[in-house]
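A.B. asks: Provided herewith: target_19.tsv, TSV, C-alpha atoms.
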chain	number	residue	atom	x	y	z
A	1	MET	CA	-31.96	206.93	-69.62
A	2	HIS	CA	-32.47	210.40	-71.04
A	3	GLY	CA	-28.92	211.80	-71.06
A	4	GLY	CA	-27.77	214.93	-69.27
A	5	PRO	CA	-29.81	217.34	-67.19
A	6	GLY	CA	-30.63	219.44	-70.23
A	7	HIS	CA	-32.16	216.47	-72.01
A	8	ARG	CA	-35.85	216.29	-72.73
A	9	PRO	CA	-37.88	213.69	-74.62
A	10	PRO	CA	-38.85	214.37	-78.23
A	11	LEU	CA	-41.97	216.47	-78.64
A	12	PRO	CA	-44.73	214.55	-80.43
A	13	LEU	CA	-46.35	216.26	-83.38
A	14	SER	CA	-49.62	214.36	-83.31
A	15	PRO	CA	-52.82	216.37	-82.74
A	16	GLY	CA	-53.24	214.84	-79.31
A	17	GLY	CA	-49.69	215.49	-78.09
A	18	ARG	CA	-47.53	218.46	-77.35
A	19	ARG	CA	-46.42	220.38	-80.37
A	20	ALA	CA	-43.03	221.78	-81.17
A	21	PRO	CA	-42.40	225.42	-80.25
A	22	ARG	CA	-44.16	227.85	-82.56
A	23	GLY	CA	-40.89	229.43	-83.63
A	24	ILE	CA	-39.64	226.08	-84.93
A	25	GLN	CA	-42.94	225.37	-86.70
A	26	ALA	CA	-42.87	228.78	-88.37
A	27	GLY	CA	-39.27	228.27	-89.45
A	28	LEU	CA	-40.00	224.87	-90.96
A	29	ALA	CA	-42.96	226.34	-92.81
A	30	ALA	CA	-40.74	229.08	-94.23
A	31	VAL	CA	-38.16	226.52	-95.37
A	32	ALA	CA	-40.94	224.49	-97.00
A	33	VAL	CA	-42.13	227.57	-98.90
A	34	VAL	CA	-38.60	228.21	-100.15
A	35	LEU	CA	-38.06	224.61	-101.24
A	36	LEU	CA	-41.45	224.37	-102.96
A	37	TRP	CA	-41.27	227.75	-104.71
A	38	PRO	CA	-42.54	227.55	-108.31
A	39	ALA	CA	-39.98	226.77	-110.98
A	40	GLU	CA	-40.73	230.06	-112.75
A	41	ALA	CA	-39.07	231.95	-109.89
A	42	ARG	CA	-35.81	230.05	-110.14
A	43	ALA	CA	-32.53	231.51	-111.28
A	44	SER	CA	-32.27	232.74	-114.81
A	45	HIS	CA	-28.72	232.47	-116.07
A	46	LEU	CA	-26.87	235.62	-116.92
A	47	ALA	CA	-25.70	235.56	-120.50
A	48	GLY	CA	-24.39	238.19	-122.88
A	49	ALA	CA	-25.05	241.56	-121.30
A	50	ALA	CA	-24.94	241.18	-117.53
A	51	VAL	CA	-28.40	241.88	-116.14
A	52	LEU	CA	-29.28	240.89	-112.58
A	53	ARG	CA	-32.96	240.33	-111.81
A	54	TRP	CA	-34.80	239.68	-108.57
A	55	SER	CA	-35.77	236.28	-109.98
A	56	ASP	CA	-32.14	235.18	-110.38
A	57	TRP	CA	-32.15	232.75	-107.47
A	58	ASP	CA	-29.69	229.86	-107.58
A	59	TRP	CA	-31.31	226.64	-106.37
A	60	ASP	CA	-28.13	224.60	-106.12
A	61	PRO	CA	-29.01	221.10	-104.81
A	62	MET	CA	-25.84	220.90	-102.71
A	63	ILE	CA	-26.58	224.21	-101.02
A	64	LEU	CA	-30.18	223.19	-100.40
A	65	ALA	CA	-28.97	219.90	-98.93
A	66	GLY	CA	-26.56	221.73	-96.63
A	67	LEU	CA	-29.23	224.15	-95.45
A	68	GLY	CA	-31.65	221.28	-94.92
A	69	ALA	CA	-29.05	219.34	-92.91
A	70	THR	CA	-28.48	222.41	-90.73
A	71	VAL	CA	-32.20	222.71	-90.05
A	72	LEU	CA	-32.46	219.01	-89.18
A	73	ALA	CA	-29.43	219.22	-86.88
A	74	TRP	CA	-30.90	222.14	-84.96
A	75	TRP	CA	-34.28	220.42	-84.88
A	76	TRP	CA	-32.65	217.38	-83.26
A	77	VAL	CA	-30.78	219.52	-80.74
A	78	SER	CA	-33.80	221.66	-79.87
A	79	ARG	CA	-35.97	218.60	-79.21
A	80	ARG	CA	-33.48	217.19	-76.70
A	81	PHE	CA	-31.99	220.31	-75.14
A	82	ARG	CA	-34.49	223.01	-74.38
A	83	PRO	CA	-33.60	226.24	-76.18
A	84	ARG	CA	-34.32	229.54	-74.53
A	85	ARG	CA	-37.30	231.54	-75.69
A	86	TRP	CA	-35.32	233.76	-78.07
A	87	GLN	CA	-33.01	231.10	-79.49
A	88	PRO	CA	-35.38	229.80	-82.21
A	89	LEU	CA	-35.62	233.37	-83.48
A	90	PHE	CA	-31.84	233.67	-83.62
A	91	PHE	CA	-31.60	230.36	-85.46
A	92	TRP	CA	-34.12	231.25	-88.14
A	93	LEU	CA	-32.63	234.70	-88.60
A	94	GLY	CA	-29.24	233.04	-89.07
A	95	MET	CA	-30.74	230.62	-91.58
A	96	LEU	CA	-32.33	233.55	-93.38
A	97	GLY	CA	-28.89	235.12	-93.63
A	98	LEU	CA	-27.53	231.92	-95.19
A	99	VAL	CA	-30.45	231.69	-97.62
A	100	VAL	CA	-29.97	235.29	-98.75
A	101	ALA	CA	-26.21	234.82	-99.09
A	102	LEU	CA	-26.23	231.46	-100.87
A	103	LEU	CA	-29.46	231.27	-102.87
A	104	SER	CA	-30.63	234.80	-103.64
A	105	PRO	CA	-29.51	237.05	-106.52
A	106	ILE	CA	-26.64	238.10	-104.25
A	107	HIS	CA	-25.05	234.72	-104.95
A	108	THR	CA	-25.78	234.96	-108.67
A	109	GLY	CA	-24.42	238.49	-108.95
A	110	SER	CA	-21.29	237.74	-106.91
A	111	GLY	CA	-19.71	236.23	-110.01
A	112	TYR	CA	-20.10	239.52	-111.87
A	113	LEU	CA	-19.43	242.20	-109.27
A	114	PHE	CA	-16.85	242.15	-106.50
A	115	THR	CA	-19.07	244.55	-104.55
A	116	ILE	CA	-21.92	242.05	-104.44
A	117	HIS	CA	-19.47	239.33	-103.48
A	118	MET	CA	-18.35	241.38	-100.49
A	119	VAL	CA	-21.96	241.74	-99.35
A	120	GLN	CA	-22.20	237.96	-99.54
A	121	HIS	CA	-19.01	237.55	-97.51
A	122	MET	CA	-20.30	239.90	-94.83
A	123	LEU	CA	-23.46	237.81	-94.54
A	124	LEU	CA	-21.37	234.63	-94.22
A	125	THR	CA	-18.98	236.01	-91.61
A	126	LEU	CA	-20.72	238.77	-89.65
A	127	VAL	CA	-24.45	238.02	-89.89
A	128	ALA	CA	-25.30	234.32	-90.07
A	129	PRO	CA	-22.55	232.84	-87.81
A	130	PRO	CA	-23.14	235.07	-84.75
A	131	LEU	CA	-26.89	234.48	-84.97
A	132	LEU	CA	-26.40	230.72	-85.24
A	133	ALA	CA	-23.90	230.78	-82.37
A	134	LEU	CA	-26.47	232.55	-80.20
A	135	ALA	CA	-29.01	229.85	-81.09
A	136	VAL	CA	-27.05	226.96	-79.52
A	137	PRO	CA	-28.87	225.82	-76.34
A	138	PRO	CA	-26.59	226.08	-73.26
A	139	ALA	CA	-27.66	222.59	-72.16
A	140	PHE	CA	-26.33	221.19	-75.44
A	141	LEU	CA	-22.96	222.81	-74.77
A	142	GLY	CA	-22.97	221.24	-71.33
A	143	TRP	CA	-23.73	217.85	-72.86
A	144	LEU	CA	-20.78	218.21	-75.25
A	145	TYR	CA	-18.39	219.34	-72.53
A	146	ARG	CA	-19.24	216.33	-70.38
A	147	ARG	CA	-17.93	214.01	-73.08
A	148	PRO	CA	-14.12	213.75	-73.12
A	149	GLY	CA	-13.69	213.50	-76.90
A	150	PRO	CA	-15.82	216.49	-77.95
A	151	ALA	CA	-14.61	218.44	-74.93
A	152	ARG	CA	-10.95	218.09	-75.95
A	153	VAL	CA	-11.74	219.23	-79.49
A	154	LEU	CA	-13.78	222.18	-78.26
A	155	HIS	CA	-11.11	223.27	-75.80
A	156	ALA	CA	-8.47	223.07	-78.54
A	157	VAL	CA	-10.40	225.11	-81.11
A	158	TRP	CA	-13.03	226.99	-79.14
A	159	SER	CA	-10.55	229.19	-77.28
A	160	PRO	CA	-9.59	232.85	-77.71
A	161	LEU	CA	-6.33	232.63	-79.66
A	162	PRO	CA	-7.22	229.71	-81.97
A	163	ALA	CA	-10.61	231.25	-82.72
A	164	LEU	CA	-9.11	234.65	-83.48
A	165	VAL	CA	-6.37	233.23	-85.72
A	166	LEU	CA	-8.76	230.91	-87.55
A	167	PHE	CA	-11.41	233.56	-88.17
A	168	ASN	CA	-9.05	236.25	-89.41
A	169	GLY	CA	-6.75	233.82	-91.20
A	170	VAL	CA	-9.66	232.51	-93.26
A	171	LEU	CA	-10.76	236.06	-94.08
A	172	VAL	CA	-7.31	237.19	-95.22
A	173	PHE	CA	-6.47	233.99	-97.11
A	174	TRP	CA	-9.58	233.99	-99.29
A	175	HIS	CA	-8.98	237.62	-100.29
A	176	LEU	CA	-5.51	236.89	-101.65
A	177	PRO	CA	-5.71	237.17	-105.46
A	178	PHE	CA	-4.72	233.56	-106.24
A	179	ALA	CA	-7.19	232.13	-103.72
A	180	TYR	CA	-9.98	234.50	-104.67
A	181	ASP	CA	-9.71	233.77	-108.39
A	182	ALA	CA	-9.62	230.04	-107.61
A	183	THR	CA	-12.99	230.27	-105.87
A	184	LEU	CA	-14.61	231.76	-108.96
A	185	ALA	CA	-12.96	229.24	-111.28
A	186	SER	CA	-14.17	226.17	-109.37
A	187	GLY	CA	-17.52	225.55	-107.77
A	188	TRP	CA	-15.94	223.16	-105.28
A	189	VAL	CA	-13.35	225.70	-104.17
A	190	HIS	CA	-16.08	228.32	-103.89
A	191	ALA	CA	-18.13	225.97	-101.72
A	192	ALA	CA	-15.07	225.31	-99.55
A	193	GLU	CA	-14.59	229.06	-99.13
A	194	HIS	CA	-18.17	229.57	-98.01
A	195	LEU	CA	-18.05	226.59	-95.68
A	196	SER	CA	-14.82	227.85	-94.11
A	197	PHE	CA	-16.33	231.31	-93.60
A	198	VAL	CA	-19.32	229.88	-91.75
A	199	ALA	CA	-17.30	227.32	-89.76
A	200	ALA	CA	-14.65	229.83	-88.68
A	201	GLY	CA	-17.40	232.31	-87.91
A	202	LEU	CA	-19.19	229.81	-85.69
A	203	VAL	CA	-15.96	229.14	-83.80
A	204	PHE	CA	-15.12	232.81	-83.33
A	205	TRP	CA	-18.61	234.07	-82.54
A	206	GLY	CA	-19.18	231.01	-80.37
A	207	VAL	CA	-16.32	232.24	-78.17
A	208	ILE	CA	-17.77	235.74	-78.11
A	209	ALA	CA	-21.34	234.57	-77.37
A	210	SER	CA	-20.55	231.74	-74.93
A	211	PRO	CA	-22.76	232.09	-71.82
A	212	VAL	CA	-19.97	230.95	-69.48
A	213	PRO	CA	-16.51	232.56	-69.64
A	214	LYS	CA	-14.67	229.50	-68.31
A	215	LEU	CA	-15.98	227.28	-71.12
A	216	VAL	CA	-14.01	229.27	-73.66
A	217	ARG	CA	-11.44	230.54	-71.15
A	218	ALA	CA	-12.26	234.12	-72.09
A	219	SER	CA	-13.50	236.86	-69.81
A	220	PHE	CA	-15.88	239.42	-71.22
A	221	GLY	CA	-13.03	241.92	-71.33
A	222	LEU	CA	-10.94	239.51	-73.39
A	223	ARG	CA	-13.88	238.90	-75.70
A	224	LEU	CA	-14.16	242.63	-76.26
A	225	GLY	CA	-10.48	242.67	-77.20
A	226	LEU	CA	-11.01	239.80	-79.65
A	227	VAL	CA	-13.83	241.66	-81.38
A	228	VAL	CA	-11.73	244.83	-81.63
A	229	VAL	CA	-8.82	242.91	-83.18
A	230	ALA	CA	-11.12	241.16	-85.67
A	231	ASP	CA	-12.66	244.51	-86.53
A	232	LEU	CA	-9.19	245.94	-87.14
A	233	VAL	CA	-8.25	243.09	-89.49
A	234	ASN	CA	-11.49	243.52	-91.44
A	235	PHE	CA	-10.87	247.27	-91.59
A	236	LEU	CA	-7.34	246.83	-92.93
A	237	VAL	CA	-8.43	244.40	-95.65
A	238	GLY	CA	-11.32	246.64	-96.66
A	239	PHE	CA	-9.09	249.72	-96.58
A	240	ALA	CA	-6.50	248.07	-98.84
A	241	LEU	CA	-9.20	247.14	-101.34
A	242	ALA	CA	-10.96	250.51	-101.20
A	243	PHE	CA	-7.76	252.39	-102.06
A	244	ALA	CA	-6.31	249.92	-104.56
A	245	GLY	CA	-4.52	251.38	-107.56
A	246	ARG	CA	-5.36	248.52	-109.91
A	247	PRO	CA	-7.76	245.56	-110.08
A	248	PHE	CA	-6.57	242.66	-107.92
A	249	TYR	CA	-8.78	239.89	-109.24
A	250	ARG	CA	-8.47	238.69	-112.83
A	251	HIS	CA	-11.93	237.13	-112.86
A	252	TYR	CA	-13.70	240.48	-112.72
A	253	THR	CA	-11.70	241.84	-115.64
A	254	GLU	CA	-13.02	239.04	-117.89
A	255	VAL	CA	-16.76	238.91	-117.15
A	256	PRO	CA	-19.57	241.18	-118.38
A	257	ARG	CA	-20.04	244.20	-116.16
A	258	LEU	CA	-23.09	245.03	-114.08
A	259	TRP	CA	-24.40	248.55	-113.49
A	260	GLY	CA	-21.64	250.17	-115.53
A	261	LEU	CA	-18.94	249.64	-112.89
A	262	ASN	CA	-15.45	249.05	-114.27
A	263	PRO	CA	-13.26	246.49	-112.44
A	264	LEU	CA	-11.26	249.06	-110.46
A	265	ASP	CA	-14.29	251.04	-109.28
A	266	ASP	CA	-16.00	247.76	-108.44
A	267	LEU	CA	-13.00	246.68	-106.36
A	268	ARG	CA	-12.89	249.98	-104.51
A	269	LEU	CA	-16.62	249.99	-103.85
A	270	GLY	CA	-16.44	246.40	-102.60
A	271	GLY	CA	-13.62	247.35	-100.25
A	272	ALA	CA	-15.71	250.24	-98.96
A	273	VAL	CA	-18.65	247.89	-98.39
A	274	MET	CA	-16.40	245.53	-96.45
A	275	TRP	CA	-14.95	248.42	-94.47
A	276	VAL	CA	-18.16	250.32	-93.66
A	277	MET	CA	-20.52	247.35	-93.31
A	278	GLY	CA	-17.94	245.56	-91.19
A	279	GLN	CA	-17.59	248.55	-88.87
A	280	MET	CA	-21.35	248.70	-88.44
A	281	MET	CA	-21.66	244.98	-87.70
A	282	TYR	CA	-18.75	244.88	-85.26
A	283	ALA	CA	-20.21	247.84	-83.38
A	284	ILE	CA	-23.06	245.62	-82.15
A	285	PRO	CA	-20.97	243.09	-80.15
A	286	VAL	CA	-18.68	245.88	-78.96
A	287	LEU	CA	-21.62	247.77	-77.47
A	288	VAL	CA	-23.13	244.61	-75.98
A	289	LEU	CA	-19.86	243.57	-74.34
A	290	LEU	CA	-19.26	247.08	-73.02
A	291	SER	CA	-22.74	247.02	-71.52
A	292	VAL	CA	-22.03	243.68	-69.83
A	293	LEU	CA	-18.74	244.94	-68.40
A	294	LEU	CA	-20.36	248.11	-67.08
A	295	ARG	CA	-23.14	246.12	-65.42
A	296	ARG	CA	-20.62	243.81	-63.80
A	297	GLU	CA	-18.65	246.73	-62.43
A	298	GLN	CA	-21.80	248.06	-60.81
A	299	GLY	CA	-22.32	244.92	-58.78
A	300	PRO	CA	-22.11	241.11	-58.70
A	301	GLY	CA	-24.59	239.00	-60.54
A	302	ALA	CA	-24.52	236.17	-62.99
A	303	PHE	CA	-24.68	237.02	-66.64
A	304	PRO	CA	-27.91	235.62	-68.10
A	305	GLY	CA	-27.29	232.10	-69.30
A	306	GLU	CA	-24.54	231.04	-66.91
A	307	SER	CA	-26.53	228.82	-64.58
A	308	PRO	CA	-27.32	225.80	-66.81
A	309	ILE	CA	-23.67	224.90	-67.36
A	310	ARG	CA	-21.77	226.82	-64.70
A	311	SER	CA	-20.33	223.71	-63.06
A	312	ILE	CA	-19.04	221.91	-66.13
A	313	PRO	CA	-15.51	220.72	-65.40
A	314	SER	CA	-12.69	221.21	-67.83
A	315	PRO	CA	-11.40	217.94	-69.31
A	316	HIS	CA	-7.92	219.12	-68.32
A	317	SER	CA	-8.78	219.47	-64.63
Would you mind giving the structure from this file in structure tokens?
C.D. replies:
Amino acid sequence: MHGGPGHRPPLPLSPGGRRAPRGIQAGLAAVAVVLLWPAEARASHLAGAAVLRWSDWDWDPMILAGLGATVLAWWWVSRRFRPRRWQPLFFWLGMLGLVVALLSPIHTGSGYLFTIHMVQHMLLTLVAPPLLALAVPPAFLGWLYRRPGPARVLHAVWSPLPALVLFNGVLVFWHLPFAYDATLASGWVHAAEHLSFVAAGLVFWGVIASPVPKLVRASFGLRLGLVVVADLVNFLVGFALAFAGRPFYRHYTEVPRLWGLNPLDDLRLGGAVMWVMGQMMYAIPVLVLLSVLLRREQGPGAFPGESPIRSIPSPHS
């Protein structure tokens, strides 16, 4: 009656019943504060001379709706499939990354400086997605893999090669001049870009963070190789931008400038941000995976998180 072994009944919120985990309550309170923030703190539009202020938040209703839907989805999952102690923290940190990337002055300034836009892209590819991937309860993955339809889709996409190609293909495509300028000319295209960054990031980092190698058909050694390849692609794109001889993106040659940066210096600085920040972010999973491999060489033992879904059969078996 209650679904798979990871299922649990909804937690009542009445004073006499059990309450939701404190991490979830705190996260919902933080979201409520953001949504109810006074109107005076909302985004002021940049006009004339480009001046970026801390109060230039962009409260786009579509973005707020998407963030709210994400919170509700995780709330539903966490009530039915018990998350581990640290997973609510990962979820809310991931949501914080999305809020900073999509609502804060970083989003507002991204239309005026390529450098700021690259910071936003790093948040949408290397910060929020891995944190959100780590927040998925293992029991929920088991529930999905026991259903033939979702299992076939997950096995087709959530595998090493498709995940690697999708993640890096999305990154390279949106940095091509025609695609990049299209995102800044159309709000819908820009939204599609951001959505594709997060979706591809969830697929890729979901493979890297999966608690059971056979679910994603990737050993920890293979995962380390995937991270190194993705790091190399990010490095090459950032390197090409950092040493460009001319501006690549027409949009930034036509808008008011921030902080006195001309379009070429802005492009080079943005490439350096992508290059250096990317190297720093990729170093974290590389070190974690190396640590796991070294521990496994020292002796047998299950990697934390394997037990809840170790016996899930492949739909192809």
A.B. asks: Excluding segment 107-121 of chain A and residues on its chain fewer than 3 positions from it, collect all residues at most 7 Å away from it, counting only C-alpha atoms, and give them as a list in words.
C.D. replies: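 In the requested format, the answer is Leu52, Asp56, Trp57, Asp58, Ala101, Leu102, Leu103, Ser104, Leu124, Thr125, Leu184, Tyr252, Val255, Pro256, Arg257, Leu258, Asp266, Leu267, Leu269, Gly270, Val273 and Met274 of chain A.
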A.B. asks: Give one line per residue of segment 178-267 of chain A that approaches segment 288-294 of chain A to at most 12 Å, naming the two atoms of the closest pair and their distance in Å to one decimal, counting only C-alpha atoms; sort by chain then ascending residue number and deliver it as a Markdown table.
C.D. replies:
| residue | atom | partner | partner_atom | distance |
| --- | --- | --- | --- | --- |
| A:Ile208 | CA | A:Leu289 | CA | 8.9 |
| A:Ala209 | CA | A:Leu289 | CA | 9.6 |
| A:Ser210 | CA | A:Leu289 | CA | 11.9 |
| A:Pro211 | CA | A:Val292 | CA | 11.8 |
| A:Ser219 | CA | A:Leu293 | CA | 9.7 |
| A:Phe220 | CA | A:Leu289 | CA | 6.5 |
| A:Gly221 | CA | A:Leu293 | CA | 7.1 |
| A:Leu222 | CA | A:Leu289 | CA | 9.8 |
| A:Arg223 | CA | A:Leu289 | CA | 7.7 |
| A:Leu224 | CA | A:Leu289 | CA | 6.1 |
| A:Gly225 | CA | A:Leu289 | CA | 9.8 |
| A:Leu226 | CA | A:Leu289 | CA | 11.0 |
| A:Val227 | CA | A:Leu289 | CA | 9.5 |
| A:Val228 | CA | A:Leu289 | CA | 11.0 |
A.B. asks: Counting all atoms listed in the file, which residue out of A:Val51, A:Leu215, A:Leu171, A:Val233 sits closest to Ala199 of chain A?
C.D. replies: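 Smallest distance to Ala199 of chain A is found for A:Leu171.
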A.B. asks: Which residues, written as a list in words, have at least one atom at most 10 Å from Gly245 of chain A, with all atoms listed in the file counted and residues fewer than 4 positions away on the same chain left out?
C.D. replies: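 Returned residues: Ala240, Leu241, Leu264, Asp265, Leu267 and Arg268 of chain A.
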A.B. asks: If you keep C-alpha atoms, can you produce a file of those selected residues as a CSV table (one decimal), keeping the file's coordinate frame?
C.D. replies:
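result.csv written:
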chain,number,residue,atom,x,y,z
A,240,ALA,CA,-6.5,248.1,-98.8
A,241,LEU,CA,-9.2,247.1,-101.3
A,264,LEU,CA,-11.3,249.1,-110.5
A,265,ASP,CA,-14.3,251.0,-109.3
A,267,LEU,CA,-13.0,246.7,-106.4
A,268,ARG,CA,-12.9,250.0,-104.5
A.B. asks: What does the structure give for the distance between atom CA of Leu202 of chain A and atom CA of Ala156 of chain A, in Å to one decimal?
C.D. replies: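 Result for atom CA of Leu202 of chain A versus atom CA of Ala156 of chain A: 14.5 Å, one decimal.
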A.B. asks: Considering only C-alpha atoms, return as a list of chain:residue names whatever protein or nucleic-acid residues lie within 10 Å of Val165 of chain A, sequence-local ones (same chain, fewer than 5 positions apart) excluded.
C.D. replies: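 The residues satisfying every condition are A:Pro160, A:Val170, A:Leu171, A:Ala200, A:Phe204, A:Ala230.
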A.B. asks: For segment 287-298 of chain A, take all atoms listed in the file, fit an axis-aligned box around them, add 3 Å to each of the six sides, then output centre and edge lengths in Å rounded to one decimal, as JSON.
C.D. replies:
{"center_x": -20.9, "center_y": 245.8, "center_z": -69.1, "size_x": 10.5, "size_y": 10.5, "size_z": 22.7}
A.B. asks: Rank nothing, just name the residue among A:Ala179, A:Ile63, A:Val286, A:Val136 nearest to Leu98 of chain A, using all atoms listed in the file.
C.D. replies: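 Comparing A:Ala179, A:Ile63, A:Val286, A:Val136 against Leu98 of chain A, the winner is A:Ile63.
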A.B. asks: Between atom CA of His251 of chain A and atom CA of Gly201 of chain A, what is the spacing in Å?
C.D. replies: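 We find that atom CA of Gly201 of chain A and atom CA of His251 of chain A lie 26.0 Å from each other.
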A.B. asks: Provide the atom CA of Leu236 of chain A to atom CA of Val207 of chain A distance in Å, to one decimal place.
C.D. replies: 22.6 Å
A.B. asks: So, counting only C-alpha atoms, which residue among A:Ala242, A:Arg295, A:Trp75, A:Ser55 is closest to Ile106 of chain A?
C.D. replies: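 When distances to Ile106 of chain A are compared using only C-alpha atoms, the smallest one comes from A:Ser55.
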A.B. asks: Would you mind telling me which residue in A:Phe235, A:Phe243, A:Phe140, A:Trp259 lies nearest to Met277 of chain A when using only C-alpha atoms?
C.D. replies: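 For Met277 of chain A, the nearest of the given residues is A:Phe235.
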